[in-house]
file input_0.cif (mmCIF, C-alpha atoms)
data_entry
#
loop_
_atom_site.group_PDB
_atom_site.id
_atom_site.type_symbol
_atom_site.label_atom_id
_atom_site.label_comp_id
_atom_site.auth_asym_id
_atom_site.auth_seq_id
_atom_site.Cartn_x
_atom_site.Cartn_y
_atom_site.Cartn_z
ATOM 1 C CA MET A 874 10.700 -3.540 1.321
ATOM 2 C CA ILE A 875 14.156 -5.017 1.217
ATOM 3 C CA ASP A 876 14.273 -8.680 0.213
ATOM 4 C CA PHE A 877 15.411 -10.943 3.026
ATOM 5 C CA THR A 878 18.042 -13.569 2.386
ATOM 6 C CA ASP A 879 19.874 -16.191 4.429
ATOM 7 C CA ILE A 880 22.569 -14.768 6.687
ATOM 8 C CA GLU A 881 25.362 -17.314 7.115
ATOM 9 C CA LYS A 882 28.481 -17.217 9.221
ATOM 10 C CA ASN A 883 30.769 -15.138 7.029
ATOM 11 C CA LEU A 884 34.225 -14.431 8.392
ATOM 12 C CA PRO A 885 36.622 -13.958 5.461
ATOM 13 C CA ASN A 886 39.854 -15.844 6.212
ATOM 14 C CA GLY A 887 38.377 -16.595 9.621
ATOM 15 C CA GLU A 888 39.107 -13.027 10.708
ATOM 16 C CA ASN A 889 36.950 -11.212 13.228
ATOM 17 C CA MET A 890 39.164 -9.129 15.516
ATOM 18 C CA GLY A 891 37.585 -6.722 17.905
ATOM 19 C CA GLY A 892 38.365 -3.071 18.412
ATOM 20 C CA ILE A 893 39.329 -0.243 16.099
ATOM 21 C CA THR A 894 42.639 0.761 14.553
ATOM 22 C CA GLN A 895 45.015 3.203 16.223
ATOM 23 C CA LYS A 896 43.905 6.140 14.085
ATOM 24 C CA VAL A 897 40.583 7.850 13.572
ATOM 25 C CA TYR A 898 39.943 10.475 10.906
ATOM 26 C CA PHE A 899 38.132 13.704 11.649
ATOM 27 C CA GLY A 900 37.146 17.028 10.182
ATOM 28 C CA TYR A 901 34.686 19.846 10.496
ATOM 29 C CA HIS A 902 31.183 19.054 9.256
ATOM 30 C CA ALA A 903 31.128 22.473 7.579
ATOM 31 C CA ASP A 904 34.237 21.593 5.539
ATOM 32 C CA VAL A 905 32.576 18.654 3.802
ATOM 33 C CA ALA A 906 31.574 19.377 0.215
ATOM 34 C CA THR A 907 29.576 16.206 -0.415
ATOM 35 C CA PHE A 908 28.620 13.200 1.650
ATOM 36 C CA PRO A 909 28.366 9.797 -0.019
ATOM 37 C CA PRO A 910 24.726 9.098 -0.834
ATOM 38 C CA LYS A 911 22.711 6.642 1.186
ATOM 39 C CA PRO A 912 21.114 3.661 -0.576
ATOM 40 C CA VAL A 913 17.861 4.547 -2.298
ATOM 41 C CA ALA A 914 15.245 1.778 -2.351
ATOM 42 C CA PRO A 915 17.867 -0.943 -1.855
ATOM 43 C CA ALA A 916 16.795 -4.355 -3.071
ATOM 44 C CA THR A 917 19.076 -6.521 -0.951
ATOM 45 C CA LEU A 918 20.389 -6.590 2.589
ATOM 46 C CA GLU A 919 23.923 -5.900 1.406
ATOM 47 C CA THR A 920 23.039 -2.877 -0.682
ATOM 48 C CA ALA A 921 21.066 -1.553 2.276
ATOM 49 C CA ALA A 922 24.214 -1.553 4.380
ATOM 50 C CA ALA A 923 26.667 0.622 2.502
ATOM 51 C CA LEU A 924 27.121 4.180 1.306
ATOM 52 C CA THR A 925 28.319 4.639 -2.256
ATOM 53 C CA GLY A 926 31.143 6.918 -3.315
ATOM 54 C CA ASP A 927 33.486 9.202 -1.448
ATOM 55 C CA LEU A 928 33.293 11.893 1.168
ATOM 56 C CA THR A 929 34.660 15.008 -0.547
ATOM 57 C CA MET A 930 35.917 18.170 1.093
ATOM 58 C CA LYS A 931 35.576 21.813 0.110
ATOM 59 C CA ALA A 932 38.519 23.495 -1.619
ATOM 60 C CA GLY A 933 41.428 23.973 0.773
ATOM 61 C CA LYS A 934 39.937 21.567 3.331
ATOM 62 C CA ARG A 935 40.836 18.007 4.263
ATOM 63 C CA MET A 936 40.301 15.248 6.787
ATOM 64 C CA PHE A 937 42.833 14.787 9.605
ATOM 65 C CA GLU A 938 44.042 11.814 11.583
ATOM 66 C CA MET A 939 44.287 11.345 15.344
ATOM 67 C CA TYR A 940 46.342 8.738 17.138
ATOM 68 C CA LEU A 941 44.770 6.777 19.963
ATOM 69 C CA THR A 942 46.257 4.299 22.400
ATOM 70 C CA ASP A 943 45.696 0.715 21.304
ATOM 71 C CA ASP A 944 42.738 -1.049 22.923
ATOM 72 C CA THR A 945 41.233 2.214 24.142
ATOM 73 C CA GLY A 946 39.082 2.954 21.107
ATOM 74 C CA GLU A 947 35.614 1.619 20.459
ATOM 75 C CA PHE A 948 32.851 2.155 17.942
ATOM 76 C CA LYS A 949 29.511 1.223 19.428
ATOM 77 C CA ILE A 950 25.982 1.268 18.013
ATOM 78 C CA ASP A 951 23.051 1.810 20.349
ATOM 79 C CA PRO A 952 19.447 1.434 19.142
ATOM 80 C CA VAL A 953 17.208 4.169 20.559
ATOM 81 C CA GLY A 954 13.632 5.390 20.268
ATOM 82 C CA GLU A 955 10.126 4.185 20.858
ATOM 83 C CA VAL A 956 8.113 1.629 18.918
ATOM 84 C CA ASP A 957 7.766 2.770 15.292
ATOM 85 C CA GLY A 958 10.434 5.369 15.922
ATOM 86 C CA LYS A 959 13.616 3.354 16.242
ATOM 87 C CA SER A 960 16.938 4.810 15.189
ATOM 88 C CA PHE A 961 20.576 4.566 16.272
ATOM 89 C CA VAL A 962 23.186 6.530 18.138
ATOM 90 C CA SER A 963 26.744 5.561 17.313
ATOM 91 C CA HIS A 964 29.478 6.260 19.851
ATOM 92 C CA LEU A 965 33.206 6.652 19.269
ATOM 93 C CA THR A 966 35.330 6.525 22.397
ATOM 94 C CA LEU A 967 39.103 6.838 22.465
ATOM 95 C CA PHE A 968 42.079 7.786 24.614
ATOM 96 C CA HIS A 969 44.852 10.013 23.332
ATOM 97 C CA PRO A 970 48.004 9.799 25.496
ATOM 98 C CA GLY A 971 49.674 12.891 26.898
ATOM 99 C CA LEU A 972 48.534 16.403 27.547
ATOM 100 C CA GLN A 973 50.267 18.116 24.669
ATOM 101 C CA LYS A 974 49.156 21.368 23.096
ATOM 102 C CA LYS A 975 47.646 19.761 20.004
ATOM 103 C CA ILE A 976 45.197 17.531 21.860
ATOM 104 C CA ILE A 977 44.265 20.255 24.358
ATOM 105 C CA GLY A 978 43.730 22.652 21.476
ATOM 106 C CA PHE A 979 41.640 20.060 19.665
ATOM 107 C CA MET A 980 39.362 19.607 22.674
ATOM 108 C CA ASN A 981 38.976 23.377 22.968
ATOM 109 C CA ALA A 982 38.169 23.703 19.270
ATOM 110 C CA ALA A 983 35.935 20.675 18.887
ATOM 111 C CA LYS A 984 33.829 20.650 22.036
ATOM 112 C CA ASN A 985 30.993 22.761 20.641
ATOM 113 C CA GLU A 986 31.491 22.219 16.922
ATOM 114 C CA ASN A 987 29.821 19.975 14.384
ATOM 115 C CA LEU A 988 32.257 17.283 13.293
ATOM 116 C CA VAL A 989 32.626 14.230 11.088
ATOM 117 C CA PHE A 990 34.634 11.100 11.889
ATOM 118 C CA ILE A 991 35.629 8.041 9.925
ATOM 119 C CA VAL A 992 36.358 5.046 12.143
ATOM 120 C CA VAL A 993 38.187 1.981 10.831
ATOM 121 C CA ASP A 994 37.743 -1.270 12.722
ATOM 122 C CA SER A 995 40.245 -4.109 12.991
ATOM 123 C CA ASN A 996 38.618 -5.856 10.020
ATOM 124 C CA ASP A 997 38.977 -2.794 7.767
ATOM 125 C CA ASN A 998 35.301 -1.877 7.942
ATOM 126 C CA LYS A 999 34.878 1.881 7.860
ATOM 127 C CA PHE A 1000 32.080 3.818 9.554
ATOM 128 C CA LEU A 1001 31.284 7.425 8.723
ATOM 129 C CA MET A 1002 29.909 9.464 11.620
ATOM 130 C CA GLY A 1003 28.065 12.400 10.096
ATOM 131 C CA ASP A 1004 25.820 12.963 7.087
ATOM 132 C CA ALA A 1005 24.405 15.900 5.199
ATOM 133 C CA LEU A 1006 21.785 16.462 7.898
ATOM 134 C CA ARG A 1007 23.493 15.521 11.139
ATOM 135 C CA PRO A 1008 27.067 15.842 12.453
ATOM 136 C CA ALA A 1009 29.055 13.974 15.037
ATOM 137 C CA VAL A 1010 29.453 15.948 18.265
ATOM 138 C CA TYR A 1011 31.653 15.813 21.350
ATOM 139 C CA ALA A 1012 29.829 14.124 24.217
ATOM 140 C CA GLY A 1013 32.368 14.068 27.032
ATOM 141 C CA SER A 1014 35.357 12.247 28.495
ATOM 142 C CA PRO A 1015 34.149 8.804 29.588
ATOM 143 C CA ASP A 1016 37.476 7.744 31.083
ATOM 144 C CA GLY A 1017 38.569 11.148 32.224
ATOM 145 C CA ALA A 1018 41.020 13.685 30.951
ATOM 146 C CA GLY A 1019 44.017 14.764 32.980
ATOM 147 C CA THR A 1020 47.143 13.564 34.706
ATOM 148 C CA GLY A 1021 45.824 10.437 36.456
ATOM 149 C CA LYS A 1022 46.180 9.960 40.221
ATOM 150 C CA THR A 1023 49.345 7.926 40.580
ATOM 151 C CA THR A 1024 52.715 7.872 38.898
ATOM 152 C CA ALA A 1025 51.711 4.506 37.428
ATOM 153 C CA ALA A 1026 48.642 6.077 35.855
ATOM 154 C CA ARG A 1027 48.424 7.351 32.328
ATOM 155 C CA ALA A 1028 48.026 11.044 31.540
ATOM 156 C CA GLY A 1029 45.958 11.990 28.557
ATOM 157 C CA MET A 1030 42.555 12.766 27.150
ATOM 158 C CA SER A 1031 39.697 10.373 26.721
ATOM 159 C CA ALA A 1032 36.879 11.524 24.521
ATOM 160 C CA GLU A 1033 33.507 10.370 23.310
ATOM 161 C CA PHE A 1034 31.766 11.511 20.142
ATOM 162 C CA THR A 1035 28.215 10.604 19.155
ATOM 163 C CA TYR A 1036 26.253 10.607 15.923
ATOM 164 C CA LYS A 1037 22.507 10.122 15.609
ATOM 165 C CA THR A 1038 21.380 8.303 12.503
ATOM 166 C CA ALA A 1039 18.293 6.596 11.131
ATOM 167 C CA ASN A 1040 20.356 3.713 9.729
ATOM 168 C CA ILE A 1041 23.830 2.246 10.087
ATOM 169 C CA TYR A 1042 25.991 2.190 6.966
ATOM 170 C CA LEU A 1043 29.472 1.100 6.059
ATOM 171 C CA TYR A 1044 31.645 3.685 4.312
ATOM 172 C CA GLU A 1045 33.418 2.211 1.297
ATOM 173 C CA GLY A 1046 35.179 5.291 -0.029
ATOM 174 C CA ASN A 1047 38.634 6.801 0.308
ATOM 175 C CA ILE A 1048 39.816 9.237 2.989
ATOM 176 C CA PRO A 1049 41.546 12.388 1.687
ATOM 177 C CA LEU A 1050 44.305 13.594 4.010
ATOM 178 C CA THR A 1051 45.416 16.348 1.660
ATOM 179 C CA ASP A 1052 43.664 19.578 0.660
ATOM 180 C CA ALA A 1053 40.922 19.474 -1.939
ATOM 181 C CA ILE A 1054 41.541 21.775 -4.905
ATOM 182 C CA VAL A 1055 38.207 21.416 -6.647
ATOM 183 C CA MET B 1298 57.412 7.079 -13.357
ATOM 184 C CA TRP B 1299 53.690 6.672 -12.696
ATOM 185 C CA LYS B 1300 53.140 10.397 -13.165
ATOM 186 C CA ARG B 1301 53.882 10.008 -16.875
ATOM 187 C CA TYR B 1302 50.883 7.725 -17.151
ATOM 188 C CA PHE B 1303 48.459 9.178 -14.610
ATOM 189 C CA LYS B 1304 47.637 12.620 -13.220
ATOM 190 C CA PHE B 1305 46.602 13.120 -9.594
ATOM 191 C CA VAL B 1306 43.516 15.353 -9.625
ATOM 192 C CA LYS B 1307 41.019 17.113 -7.306
ATOM 193 C CA LEU B 1308 43.466 17.067 -4.352
ATOM 194 C CA LYS B 1309 46.910 18.500 -3.706
ATOM 195 C CA PRO B 1310 49.442 15.688 -4.111
ATOM 196 C CA GLY B 1311 49.653 13.989 -0.735
ATOM 197 C CA ARG B 1312 48.251 11.237 1.442
ATOM 198 C CA VAL B 1313 45.005 9.400 0.820
ATOM 199 C CA ILE B 1314 43.680 6.364 2.679
ATOM 200 C CA THR B 1315 42.671 4.226 -0.272
ATOM 201 C CA THR B 1316 40.141 1.440 -0.150
ATOM 202 C CA LEU B 1317 42.420 -0.994 -1.990
ATOM 203 C CA TYR B 1318 45.872 -0.374 -0.511
ATOM 204 C CA GLY B 1319 45.489 1.732 2.615
ATOM 205 C CA GLU B 1320 47.569 4.897 2.914
ATOM 206 C CA ILE B 1321 49.414 6.082 -0.187
ATOM 207 C CA ASP B 1322 51.363 9.336 -0.497
ATOM 208 C CA PHE B 1323 50.696 10.524 -4.020
ATOM 209 C CA SER B 1324 53.423 13.153 -3.825
ATOM 210 C CA ALA B 1325 55.939 10.309 -4.151
ATOM 211 C CA ASP B 1326 57.308 9.356 -7.561
ATOM 212 C CA ASN B 1327 58.097 5.748 -6.734
ATOM 213 C CA ILE B 1328 54.621 4.235 -6.402
ATOM 214 C CA GLY B 1329 54.377 1.034 -8.416
ATOM 215 C CA ILE B 1330 52.524 1.451 -11.688
ATOM 216 C CA GLY B 1331 50.590 -1.734 -10.925
ATOM 217 C CA ILE B 1332 49.180 -0.135 -7.773
ATOM 218 C CA ILE B 1333 48.228 3.057 -9.579
ATOM 219 C CA GLN B 1334 46.679 1.164 -12.468
ATOM 220 C CA ALA B 1335 44.649 -1.043 -10.112
ATOM 221 C CA LEU B 1336 43.348 2.044 -8.304
ATOM 222 C CA TYR B 1337 42.427 3.672 -11.603
ATOM 223 C CA GLU B 1338 40.596 0.587 -12.804
ATOM 224 C CA ASP B 1339 38.771 0.359 -9.466
ATOM 225 C CA GLY B 1340 37.342 3.827 -10.011
ATOM 226 C CA PHE B 1341 39.641 5.757 -7.655
ATOM 227 C CA PRO B 1342 38.338 9.312 -8.083
ATOM 228 C CA TYR B 1343 41.656 11.149 -7.836
ATOM 229 C CA LEU B 1344 43.445 9.728 -10.883
ATOM 230 C CA GLU B 1345 43.205 10.605 -14.553
ATOM 231 C CA ILE B 1346 45.103 8.801 -17.254
ATOM 232 C CA THR B 1347 47.421 10.753 -19.539
ATOM 233 C CA ASP B 1348 47.719 10.311 -23.293
ATOM 234 C CA GLU B 1349 51.027 8.542 -22.721
ATOM 235 C CA GLY B 1350 49.347 6.263 -20.191
ATOM 236 C CA LYS B 1351 46.608 5.394 -22.663
ATOM 237 C CA ALA B 1352 49.142 4.585 -25.350
ATOM 238 C CA GLU B 1353 51.339 2.493 -23.039
ATOM 239 C CA LEU B 1354 48.797 0.743 -20.819
ATOM 240 C CA TYR B 1355 45.686 0.576 -22.979
ATOM 241 C CA PRO B 1356 47.048 0.559 -26.555
ATOM 242 C CA VAL B 1357 43.925 -0.962 -28.146
ATOM 243 C CA ILE B 1358 41.617 1.712 -26.742
ATOM 244 C CA SER B 1359 44.147 4.364 -27.613
ATOM 245 C CA GLU B 1360 44.328 3.085 -31.161
ATOM 246 C CA ILE B 1361 40.541 3.196 -31.477
ATOM 247 C CA GLU B 1362 40.523 6.753 -30.175
ATOM 248 C CA ASN B 1363 43.100 7.816 -32.711
ATOM 249 C CA THR B 1364 41.409 6.127 -35.612
ATOM 250 C CA GLU B 1365 40.161 8.484 -38.252
ATOM 251 C CA THR B 1366 36.462 8.383 -38.956
ATOM 252 C CA VAL B 1367 35.958 5.637 -41.494
ATOM 253 C CA LYS B 1368 33.941 6.637 -44.490
ATOM 254 C CA PRO B 1369 31.538 3.749 -45.044
ATOM 255 C CA ARG B 1370 30.212 2.648 -48.352
ATOM 256 C CA ARG B 1371 26.899 4.274 -49.053
ATOM 257 C CA ALA B 1372 24.316 4.762 -51.646
ATOM 258 C CA LYS B 1373 24.353 7.966 -53.614
ATOM 259 C CA ASN B 1374 22.713 10.876 -51.717
ATOM 260 C CA GLN B 1375 22.383 8.771 -48.511
ATOM 261 C CA LYS B 1376 22.963 10.745 -45.284
ATOM 262 C CA ILE B 1377 25.724 9.326 -43.063
ATOM 263 C CA ILE B 1378 26.301 10.020 -39.393
ATOM 264 C CA ALA B 1379 29.728 8.851 -38.141
ATOM 265 C CA ILE B 1380 30.662 9.159 -34.481
ATOM 266 C CA SER B 1381 34.224 8.646 -33.337
ATOM 267 C CA TYR B 1382 35.263 7.032 -30.011
ATOM 268 C CA PRO B 1383 35.018 8.094 -27.203
ATOM 269 C CA PRO B 1384 31.504 9.581 -27.157
ATOM 270 C CA LYS B 1385 32.531 12.651 -25.075
ATOM 271 C CA GLU B 1386 34.774 13.748 -27.928
ATOM 272 C CA THR B 1387 32.092 13.244 -30.494
ATOM 273 C CA ASN B 1388 33.035 14.155 -34.012
ATOM 274 C CA LEU B 1389 29.777 14.405 -35.874
ATOM 275 C CA THR B 1390 30.040 14.285 -39.625
ATOM 276 C CA ILE B 1391 27.039 14.678 -41.852
ATOM 277 C CA SER B 1392 27.411 14.377 -45.544
ATOM 278 C CA SER B 1393 25.045 13.804 -48.368
#
call {"tool": "encode", "arguments": {"input": "input_0.cif", "output": "structure tokens"}}
result
Amino acid sequence: MIDFTDIEKNLPNGENMGGITQKVYFGYHADVATFPPKPVAPATLETAAALTGDLTMKAGKRMFEMYLTDDTGEFKIDPVGEVDGKSFVSHLTLFHPGLQKKIIGFMNAAKNENLVFIVVDSNDNKFLMGDALRPAVYAGSPDGAGTGKTTAARAGMSAEFTYKTANIYLYEGNIPLTDAIV
Amino acid sequence: MWKRYFKFVKLKPGRVITTLYGEIDFSADNIGIGIIQALYEDGFPYLEITDEGKAELYPVISEIENTETVKPRRAKNQKIIAISYPPKETNLTISS
């Protein structure tokens, strides 16, 4: 078992902003060459909380970035399961403004595909949605997708992606936005 | 400038969100050498140091690497195994 330790208030520089940054990073699950390994028999709480190493992509593949409107994105962790069978479902929700071809094409391409996301929160914590066994998948449009009803409304696409995982980990690697040539 | 000292590897030169400095475009020539060196020393997986970089930035290690195998004093007919630095470029010499 993991050794327990005291858990103090720990807000470096007093920082603890909510929300996520205005970009999320995504790719196809099938394009990932290697996922960062999960902790094996971690001895401490901190080592039990982080993946080690980098997500690497197959040759000619890369991760991509998507803009989202500020204060519309959220990364949320929901515990699920019965007694002795607890796990987590993480949710990424976001709103991309406008109904341009790229975002419509993305929704068409991604809706039934296995995906991976890297979400960066306002405190520079990174969360990887997807592992070697399970991908992130499109779950719907929680705040709608379309033109809006009034001229004062905001046209665009909201989207939710989910990832089922036994444990929650921070991702401490880099994010390659250029093609792998391995 | 930095490309004389380090080689960008495993990816096409371009953008990477780094853990230390956020987004860096490695196709640019004008990235500060201090930034590149800090990434390298932090274990950034997409940088390799060049021979010129070793000589300029890590001269002591470079000097050790370039040192000829020293022939130690030994008794007559004693077998000697000398291994040069670094281990991956092992130069095994056996003499009697």
call {"tool": "atom_distance", "arguments": {"input": "input_0.cif", "atom1": "atom CA of B:Gly1350", "atom2": "atom CA of B:Asn1327"}}
result
16.1 Å
call {"tool": "residues_around", "arguments": {"input": "input_0.cif", "residues": "A:Glu986", "least_positions_apart": "4", "cutoff": "8 Å", "atoms": "only C-alpha atoms", "output": "list in words"}}
result
Tyr901, Ala982, Val1010 and Tyr1011 of chain A
call {"tool": "interface_residues", "arguments": {"input": "input_0.cif", "of": "chain A", "to": "chain B", "cutoff": "6 Å", "atoms": "all atoms listed in the file", "output": "list in words"}}
result
Asn1047, Ile1048, Pro1049, Leu1050, Thr1051, Asp1052, Ala1053, Ile1054 and Val1055 of chain A
call {"tool": "resolve_selection", "arguments": {"input": "input_0.cif", "expression": "the PyMOL selection byres ((chain A and resi 878-885) around 10)", "output": "list in words"}}
result
Ile875, Asp876, Phe877, Asn886, Gly887, Glu888, Asn889, Thr917, Leu918, Glu919 and Asn996 of chain A
call {"tool": "atom_distance", "arguments": {"input": "input_0.cif", "atom1": "atom CA of A:Pro910", "atom2": "atom CA of A:Asp957"}}
result
24.2 Å
call {"tool": "resolve_selection", "arguments": {"input": "input_0.cif", "expression": "the PyMOL selection byres ((chain A and resi 920) around 12)", "output": "PyMOL selection string"}}
result
chain A and resi 875-877+911-919+921-925+1041-1045
